[in-house]
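Here is start_9.cif, consisting of mmCIF, C-alpha atoms:
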```cif
data_input
#
loop_
_atom_site.label_atom_id
_atom_site.label_comp_id
_atom_site.auth_asym_id
_atom_site.auth_seq_id
_atom_site.Cartn_x
_atom_site.Cartn_y
_atom_site.Cartn_z
CA MET A 1 13.86 -7.62 -10.08
CA ASP A 2 13.07 -3.90 -10.03
CA ASP A 3 13.10 -0.98 -12.43
CA PHE A 4 13.17 1.47 -9.47
CA SER A 5 10.48 3.62 -11.08
CA THR A 6 8.99 4.11 -7.62
CA GLY A 7 11.82 2.67 -5.55
CA ASP A 8 15.25 3.64 -4.28
CA PRO A 9 18.35 1.52 -4.97
CA ALA A 10 19.76 2.73 -1.65
CA ASN A 11 17.22 0.53 0.13
CA ILE A 12 19.06 -2.62 -1.01
CA ALA A 13 22.62 -1.29 -1.01
CA ALA A 14 23.54 -3.37 2.05
CA PHE A 15 22.71 -6.60 0.19
CA LEU A 16 24.62 -6.01 -3.04
CA GLY A 17 27.83 -7.57 -1.73
CA ASN A 18 26.04 -10.69 -0.46
CA PRO A 19 26.60 -13.70 -2.77
CA ALA A 20 23.11 -14.97 -1.86
CA PHE A 21 21.54 -11.83 -3.35
CA GLU A 22 21.22 -10.84 -6.99
CA LEU A 23 19.54 -7.74 -8.40
CA VAL A 24 18.02 -7.80 -11.88
CA ARG A 25 17.20 -4.34 -13.18
CA GLY A 26 14.15 -4.81 -15.33
CA ASP A 27 10.46 -4.21 -15.90
CA VAL A 28 8.32 -7.26 -15.17
CA SER A 29 5.75 -5.89 -17.64
CA ARG A 30 8.27 -6.62 -20.41
CA SER A 31 9.89 -9.80 -19.12
CA ALA A 32 10.33 -11.86 -15.96
CA ASP A 33 13.13 -14.15 -17.13
CA VAL A 34 15.71 -14.95 -14.47
CA ARG A 35 18.59 -17.39 -14.32
CA GLY A 36 18.78 -20.54 -12.26
CA THR A 37 16.28 -22.40 -10.12
CA VAL A 38 13.14 -20.60 -8.95
CA ASP A 39 11.39 -21.84 -5.81
CA ALA A 40 9.01 -18.94 -5.26
CA VAL A 41 7.87 -15.77 -7.00
CA ALA A 42 6.56 -12.82 -4.97
CA HIS A 43 4.92 -10.36 -7.35
CA LEU A 44 4.86 -6.98 -5.60
CA ALA A 45 5.51 -4.77 -8.64
CA SER A 46 3.14 -1.81 -9.06
CA PRO A 47 2.90 1.90 -8.42
CA ALA A 48 0.91 1.98 -5.19
CA SER A 49 0.59 5.55 -3.90
CA PRO A 50 -2.12 7.75 -5.47
CA PRO A 51 0.27 10.27 -7.09
CA ASP A 52 2.21 7.39 -8.65
CA TYR A 53 -0.67 5.47 -10.19
CA LEU A 54 -2.57 8.62 -11.15
CA GLY A 55 0.56 9.90 -12.89
CA ARG A 56 1.37 6.56 -14.54
CA PRO A 57 -2.02 5.04 -15.38
CA LEU A 58 -0.97 2.93 -18.38
CA GLN A 59 2.11 1.55 -16.62
CA THR A 60 -0.06 0.64 -13.63
CA LEU A 61 -2.49 -1.27 -15.82
CA ALA A 62 0.39 -2.94 -17.67
CA VAL A 63 2.11 -4.24 -14.55
CA GLY A 64 -1.21 -5.55 -13.21
CA SER A 65 -1.92 -7.40 -16.46
CA ARG A 66 1.19 -8.22 -18.52
CA GLY A 67 3.45 -8.02 -15.49
CA THR A 68 1.31 -10.43 -13.51
CA GLU A 69 1.14 -12.91 -16.39
CA ASN A 70 4.91 -12.77 -16.95
CA ALA A 71 5.47 -13.51 -13.26
CA LEU A 72 2.89 -16.32 -13.34
CA ARG A 73 4.55 -17.87 -16.39
CA LEU A 74 7.89 -17.80 -14.59
CA ALA A 75 6.41 -19.57 -11.56
CA THR A 76 4.58 -22.10 -13.75
CA ARG A 77 7.72 -22.99 -15.76
CA HIS A 78 9.64 -23.71 -12.55
CA ASP A 79 6.76 -25.33 -10.64
CA ALA A 80 7.32 -22.59 -8.06
CA ARG A 81 5.07 -21.03 -5.46
CA PHE A 82 3.55 -17.72 -6.65
CA VAL A 83 2.21 -15.01 -4.32
CA LEU A 84 0.42 -11.95 -5.65
CA ALA A 85 0.54 -8.76 -3.61
CA SER A 86 -2.98 -7.48 -4.14
CA THR A 87 -4.57 -4.64 -2.21
CA SER A 88 -7.46 -3.55 -0.05
CA GLU A 89 -8.35 -1.28 -2.98
CA VAL A 90 -10.07 -4.26 -4.61
CA TYR A 91 -12.87 -3.58 -2.09
CA GLY A 92 -13.20 0.00 -3.39
CA ASP A 93 -15.35 2.24 -1.18
CA PRO A 94 -16.75 -0.70 0.79
CA GLU A 95 -20.38 -1.16 1.72
CA VAL A 96 -19.39 -3.97 4.12
CA HIS A 97 -17.40 -3.28 7.28
CA PRO A 98 -14.95 -4.65 8.24
CA GLN A 99 -13.89 -6.10 4.91
CA GLU A 100 -13.79 -9.89 4.77
CA GLU A 101 -12.22 -11.77 1.89
CA THR A 102 -15.63 -13.00 0.76
CA TYR A 103 -16.75 -9.42 0.00
CA TRP A 104 -16.74 -8.68 -3.76
CA GLY A 105 -16.18 -4.97 -3.42
CA HIS A 106 -17.72 -1.67 -4.53
CA VAL A 107 -15.44 -0.26 -7.23
CA ASN A 108 -15.91 2.38 -9.91
CA PRO A 109 -14.32 0.80 -13.02
CA ILE A 110 -13.80 4.13 -14.81
CA GLY A 111 -13.05 6.45 -11.88
CA PRO A 112 -9.64 8.08 -11.32
CA ARG A 113 -8.54 5.31 -8.93
CA SER A 114 -9.68 2.56 -11.31
CA VAL A 115 -6.29 2.13 -12.97
CA TYR A 116 -4.96 0.74 -9.69
CA ASP A 117 -8.14 -0.92 -8.39
CA GLU A 118 -8.94 -2.72 -11.62
CA ALA A 119 -5.32 -3.65 -12.34
CA LYS A 120 -5.24 -5.50 -9.03
CA ARG A 121 -8.68 -7.05 -9.52
CA PHE A 122 -7.60 -8.31 -12.95
CA ALA A 123 -4.34 -9.60 -11.44
CA GLU A 124 -6.36 -11.61 -8.90
CA ALA A 125 -8.57 -13.08 -11.65
CA LEU A 126 -5.50 -13.99 -13.70
CA THR A 127 -3.80 -15.58 -10.69
CA GLN A 128 -6.88 -17.66 -9.95
CA ALA A 129 -7.14 -18.73 -13.61
CA TYR A 130 -3.54 -19.96 -13.59
CA ARG A 131 -4.26 -21.93 -10.42
CA THR A 132 -7.43 -23.48 -11.85
CA HIS A 133 -6.36 -24.13 -15.44
CA ARG A 134 -2.55 -24.42 -15.28
CA GLY A 135 -2.17 -25.97 -11.84
CA THR A 136 0.13 -23.18 -10.65
CA ASN A 137 0.64 -23.05 -6.88
CA THR A 138 -0.71 -19.55 -6.32
CA GLY A 139 -1.68 -17.40 -3.35
CA ILE A 140 -3.19 -13.93 -3.06
CA VAL A 141 -2.67 -11.47 -0.21
CA ARG A 142 -4.67 -8.25 0.02
CA ILE A 143 -2.49 -5.63 1.63
CA PHE A 144 -4.03 -2.82 3.67
CA ASN A 145 -2.31 0.51 4.48
CA THR A 146 1.29 -0.17 5.39
CA TYR A 147 3.86 2.28 6.76
CA GLY A 148 7.31 2.42 8.28
CA PRO A 149 10.92 3.48 7.67
CA ARG A 150 12.10 3.82 4.06
CA MET A 151 8.83 5.29 2.83
CA ARG A 152 9.49 8.02 0.28
CA PRO A 153 8.87 11.40 1.92
CA HIS A 154 7.16 12.76 -1.20
CA ASP A 155 4.98 9.80 -2.15
CA GLY A 156 1.66 11.30 -1.05
CA ARG A 157 0.65 8.56 1.38
CA VAL A 158 -1.04 9.82 4.49
CA VAL A 159 1.55 8.66 7.05
CA SER A 160 4.61 9.97 5.20
CA SER A 161 2.85 13.24 4.33
CA PHE A 162 1.77 13.85 7.93
CA VAL A 163 5.22 13.06 9.33
CA VAL A 164 7.01 15.30 6.83
CA GLN A 165 4.58 18.17 7.34
CA ALA A 166 4.71 17.86 11.14
CA LEU A 167 8.51 17.78 11.25
CA ALA A 168 8.65 20.84 9.01
CA GLY A 169 6.01 22.69 11.02
CA GLU A 170 3.70 22.95 8.01
CA PRO A 171 -0.08 22.37 8.08
CA LEU A 172 -1.10 18.70 7.87
CA THR A 173 -3.24 18.02 4.79
CA VAL A 174 -6.54 16.33 5.69
CA TYR A 175 -9.10 15.54 2.98
CA GLY A 176 -12.80 16.03 3.60
CA ASP A 177 -13.64 16.28 7.31
CA GLY A 178 -11.01 13.70 8.31
CA LYS A 179 -13.59 11.26 9.64
CA GLN A 180 -12.79 8.64 7.00
CA THR A 181 -10.99 5.70 8.60
CA ARG A 182 -7.91 3.68 7.80
CA SER A 183 -6.06 0.78 9.44
CA PHE A 184 -2.28 1.02 9.52
CA CYS A 185 0.04 -2.00 9.51
CA TYR A 186 3.73 -1.65 10.35
CA VAL A 187 6.03 -2.88 7.61
CA ASP A 188 7.74 -5.58 9.73
CA ASP A 189 4.36 -7.18 10.41
CA LEU A 190 3.46 -7.12 6.72
CA VAL A 191 6.72 -8.79 5.71
CA ARG A 192 6.08 -11.59 8.21
CA GLY A 193 2.66 -12.12 6.64
CA ILE A 194 4.01 -12.28 3.09
CA VAL A 195 6.72 -14.76 4.10
CA ALA A 196 4.10 -16.90 5.85
CA MET A 197 2.06 -16.93 2.65
CA LEU A 198 5.10 -17.92 0.57
CA ASP A 199 5.78 -20.82 2.94
CA ARG A 200 2.30 -22.32 2.57
CA ASP A 201 0.05 -23.63 -0.19
CA GLU A 202 -2.82 -21.38 0.88
CA PRO A 203 -4.62 -19.97 -2.19
CA GLY A 204 -6.21 -16.99 -0.46
CA PRO A 205 -7.17 -14.32 -0.83
CA VAL A 206 -5.95 -13.41 2.65
CA ASN A 207 -6.15 -9.92 4.14
CA LEU A 208 -2.93 -8.60 5.66
CA GLY A 209 -3.44 -5.49 7.74
CA ASN A 210 -3.86 -4.15 11.24
CA PRO A 211 -7.53 -4.21 12.31
CA VAL A 212 -7.13 -1.22 14.65
CA GLU A 213 -9.18 1.51 12.95
CA LEU A 214 -8.33 5.23 13.16
CA THR A 215 -9.87 8.27 11.56
CA VAL A 216 -7.48 10.28 9.45
CA LEU A 217 -7.92 13.18 11.86
CA GLU A 218 -6.97 10.94 14.80
CA LEU A 219 -3.85 9.91 12.92
CA ALA A 220 -2.97 13.55 12.28
CA HIS A 221 -3.17 14.41 15.97
CA LEU A 222 -1.20 11.29 16.90
CA VAL A 223 1.61 12.35 14.55
CA LEU A 224 1.54 15.88 15.95
CA GLY A 225 1.87 14.51 19.46
CA LEU A 226 4.74 12.14 18.62
CA THR A 227 6.70 14.82 16.75
CA GLY A 228 5.98 17.59 19.25
CA SER A 229 4.88 19.74 16.33
CA ARG A 230 2.59 22.75 16.78
CA ALA A 231 1.49 22.67 13.15
CA GLU A 232 -2.17 23.09 12.30
CA VAL A 233 -4.48 20.75 10.42
CA GLU A 234 -5.67 22.01 7.03
CA PHE A 235 -8.75 20.62 5.29
CA HIS A 236 -8.92 20.07 1.52
CA PRO A 237 -11.56 18.64 -0.84
CA LEU A 238 -12.06 14.88 -0.62
CA PRO A 239 -10.63 13.08 -3.69
CA VAL A 240 -13.07 11.29 -6.01
CA ASP A 241 -13.93 7.72 -4.91
CA ASP A 242 -11.84 8.02 -1.72
CA PRO A 243 -12.94 5.17 0.60
CA THR A 244 -14.77 6.34 3.71
CA ARG A 245 -14.05 3.29 5.89
CA ARG A 246 -11.28 0.74 5.68
CA ARG A 247 -10.52 -2.06 8.15
CA PRO A 248 -9.45 -5.64 7.46
CA ALA A 249 -11.02 -8.73 8.94
CA ILE A 250 -7.96 -10.90 9.67
CA ALA A 251 -9.49 -14.13 11.02
CA ARG A 252 -8.40 -15.96 7.86
CA ALA A 253 -4.79 -14.77 8.22
CA SER A 254 -4.78 -15.84 11.86
CA GLU A 255 -6.28 -19.27 11.20
CA ARG A 256 -4.46 -20.19 8.00
CA LEU A 257 -1.12 -18.39 8.34
CA GLY A 258 -0.79 -18.10 12.11
CA TRP A 259 -0.34 -14.36 11.55
CA VAL A 260 -1.43 -11.35 13.57
CA PRO A 261 0.17 -7.88 13.64
CA GLU A 262 2.39 -7.23 16.65
CA VAL A 263 3.51 -3.59 16.37
CA ASP A 264 0.97 -1.06 17.65
CA ILE A 265 0.41 2.24 15.88
CA GLU A 266 2.22 4.44 18.42
CA ASP A 267 5.33 2.27 18.46
CA GLY A 268 5.37 1.98 14.66
CA LEU A 269 4.85 5.70 14.16
CA ARG A 270 7.58 6.48 16.68
CA ARG A 271 10.04 4.36 14.67
CA THR A 272 8.88 5.97 11.44
CA VAL A 273 9.20 9.51 12.80
CA ARG A 274 12.71 8.73 14.04
CA TRP A 275 13.73 7.54 10.56
CA PHE A 276 12.37 10.67 8.87
CA ASP A 277 13.82 12.94 11.55
CA ASP A 278 17.31 11.59 10.77
CA ARG A 279 16.91 12.78 7.14
CA PRO A 280 16.15 16.51 7.31
CA GLY A 281 17.36 17.10 3.75
CA ASP A 282 14.90 14.57 2.32
CA VAL A 283 12.08 16.02 4.42
CA ALA A 284 12.79 19.55 3.20
CA ALA A 285 13.00 18.42 -0.43
CA ALA A 286 9.64 16.62 -0.18
CA LEU A 287 7.64 19.60 1.05
CA ALA A 288 6.88 21.11 -2.35
CA ALA A 289 5.50 17.80 -3.63
CA ILE A 290 3.15 17.15 -0.71
CA ARG A 291 2.03 20.67 0.17
CA GLY A 292 -1.78 20.87 0.22
CA GLY A 293 -4.19 18.99 -1.99
CA GLN A 294 -1.54 16.97 -3.80
CA GLN A 295 -3.33 13.64 -3.87
CA ASP A 296 -5.88 14.35 -6.56
CA GLY A 297 -4.32 17.40 -8.16
CA VAL A 298 -6.87 19.73 -6.57
CA VAL A 299 -5.70 22.48 -4.24
CA ALA A 300 -8.37 24.11 -2.13
CA ALA A 301 -8.81 27.78 -2.94
CA ARG A 302 -9.40 28.58 0.73
CA PRO A 303 -8.17 25.67 2.84
CA ARG A 304 -9.79 25.39 6.24
CA ARG A 305 -7.57 25.22 9.30
CA SER A 306 -8.36 23.09 12.34
CA GLY A 307 -11.13 24.64 14.40
CA ALA A 308 -13.10 25.74 11.35
CA THR A 309 -16.50 24.21 10.70
CA PRO A 310 -16.19 21.42 8.09
CA VAL A 311 -18.36 21.82 5.03
CA ALA A 312 -19.31 19.35 2.31
CA SER A 313 -16.90 19.29 -0.63
#
```

Could you take the file, read its structure, and then write that structure out as structure tokens?
Amino acid sequence: MDDFSTGDPANIAAFLGNPAFELVRGDVSRSADVRGTVDAVAHLASPASPPDYLGRPLQTLAVGSRGTENALRLATRHDARFVLASTSEVYGDPEVHPQEETYWGHVNPIGPRSVYDEAKRFAEALTQAYRTHRGTNTGIVRIFNTYGPRMRPHDGRVVSSFVVQALAGEPLTVYGDGKQTRSFCYVDDLVRGIVAMLDRDEPGPVNLGNPVELTVLELAHLVLGLTGSRAEVEFHPLPVDDPTRRRPAIARASERLGWVPEVDIEDGLRRTVRWFDDRPGDVAAALAAIRGGQQDGVVAARPRRSGATPVAS
């Protein structure tokens, strides 16, 4: 089920002729009724990139609340396994590093990112309540930064933005001084983790992410090297409540799901760059949307190029 508000029907075109596949066009926030037997429900619906959830705050809150409950009711009616795709954003700007599942988080409930953070935190509470009080077979995975082919070129995520800008020879947008860290998990690894969670009765929460930590500036230079681009790095003001460090502890995923990521960052980025490079029209069309300071709607009056002395923003 998908309303394609942040998706692309072309991504599933190859499956439409398969009798084992059925697409329901719909909004899970309104209804999650489907025909036939249901063995498992994977609830992944939500705007997830900053421009999407900042631009659609009420829809983001709705899918985290009403959408989650509709999906839980569906699973409960059919005695089916339910897995919630939560997020590392439930940890907010963490004061504990790396982030273990026992950490409660450091989240601003009324900040600009709160519509996404709190929607997912509420979704986790609701999922746990259904497990405790309705006996629903639920599981929660907390997904860290994920990347790979089929990302939308204009979605404002750091990997897609860097790749598009590098391929076009435009300055790579880095927020703050670029020393904030992220951990990047290749999409194939993430899918394996979600399937492993569906196949077990593990309640979670379980972190799914790659524990290799990079600064955003290191990622920018890695993308420049893989694309052969001579573009510069351009510094913009750091968005409000942007996490400074992000790395998953994945011992629980390893012990309970038998899962560890297998694709390293260079290999994954190389595959991602190749996919974007084969779509020059999409890359060109995305440039206007991701050019400089797009994440929080603030464009630096005098952006600093690489080599300039970083200043506090």

Find the residues around Ala62 of chain A up to 9 Å (all atoms listed in the file counted), leave out those fewer than 6 positions away in its own chain, and share them as a PDB file with C-alpha atoms, keeping the file's coordinate frame.
```
ATOM      1  CA  SER A  29       5.750  -5.890 -17.640  1.00  0.00           C
ATOM      2  CA  THR A  68       1.310 -10.430 -13.510  1.00  0.00           C
ATOM      3  CA  ALA A 119      -5.320  -3.650 -12.340  1.00  0.00           C
TER       4      ALA A 119
END
```

TODO: Could you tell me which residues the PyMOL selection byres ((chain A and resi 128) around 12) grabs in this file, written as a list in words?
DONE: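 For this structure, the PyMOL selection byres ((chain A and resi 128) around 12) captures Thr68, Glu69, Leu72, Phe82, Val83, Leu84, Arg121, Phe122, Ala123, Glu124, Ala125, Leu126, Thr127, Ala129, Tyr130, Arg131, Thr132, His133, Arg134, Gly135, Thr136, Asn137, Thr138, Gly139, Ile140, Pro203, Gly204 and Pro205 of chain A.
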
Residues of segment 72-135 of chain A within 10 Å of segment 206-216 of chain A: nearest atom pair and distance (Å, one decimal) for each, counting all atoms listed in the file, sorted by chain and number, as a Markdown table?
```
| residue | atom | partner | partner_atom | distance |
| --- | --- | --- | --- | --- |
| A:Ala85 | CA | A:Leu208 | CA | 9.9 |
| A:Ser86 | CA | A:Asn207 | CA | 9.2 |
| A:Thr87 | CA | A:Asn207 | CA | 8.4 |
| A:Ser88 | CA | A:Asn207 | CA | 7.7 |
| A:Pro98 | CA | A:Pro211 | CA | 8.5 |
| A:Gln99 | CA | A:Asn207 | CA | 8.7 |
| A:Glu100 | CA | A:Asn207 | CA | 7.7 |
| A:Glu101 | CA | A:Val206 | CA | 6.5 |
| A:Thr102 | CA | A:Val206 | CA | 9.9 |
```

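Residue neighbourhood of segment 8-10 of chain A, excluding near-sequence residues (fewer than 4 positions): A:Met1, A:Asp2, A:Asp3, A:Phe4, A:Ala14, A:Phe15, A:Leu16, A:Leu23, A:Val24, A:Arg25, A:Arg150, A:Met151, A:Arg152, A:Pro153, at 12 Å, using all atoms listed in the file.
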
Where is the centre and how long are the edges: axis-aligned box on segment 98-109 of chain A, 8 Å on each side, Å to one decimal, as JSON:
```
{"center_x": -15.0, "center_y": -5.3, "center_z": -2.4, "size_x": 21.5, "size_y": 31.4, "size_z": 37.3}
```

Open item on the list: Here is a test: counting all atoms listed in the file, which residue of A:Ala75, A:Gly111, A:Val63, A:Leu257 is nearest to Arg192 of chain A?
Closed with: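 Going through A:Ala75, A:Gly111, A:Val63, A:Leu257 one by one, the smallest distance to Arg192 of chain A is for A:Leu257.
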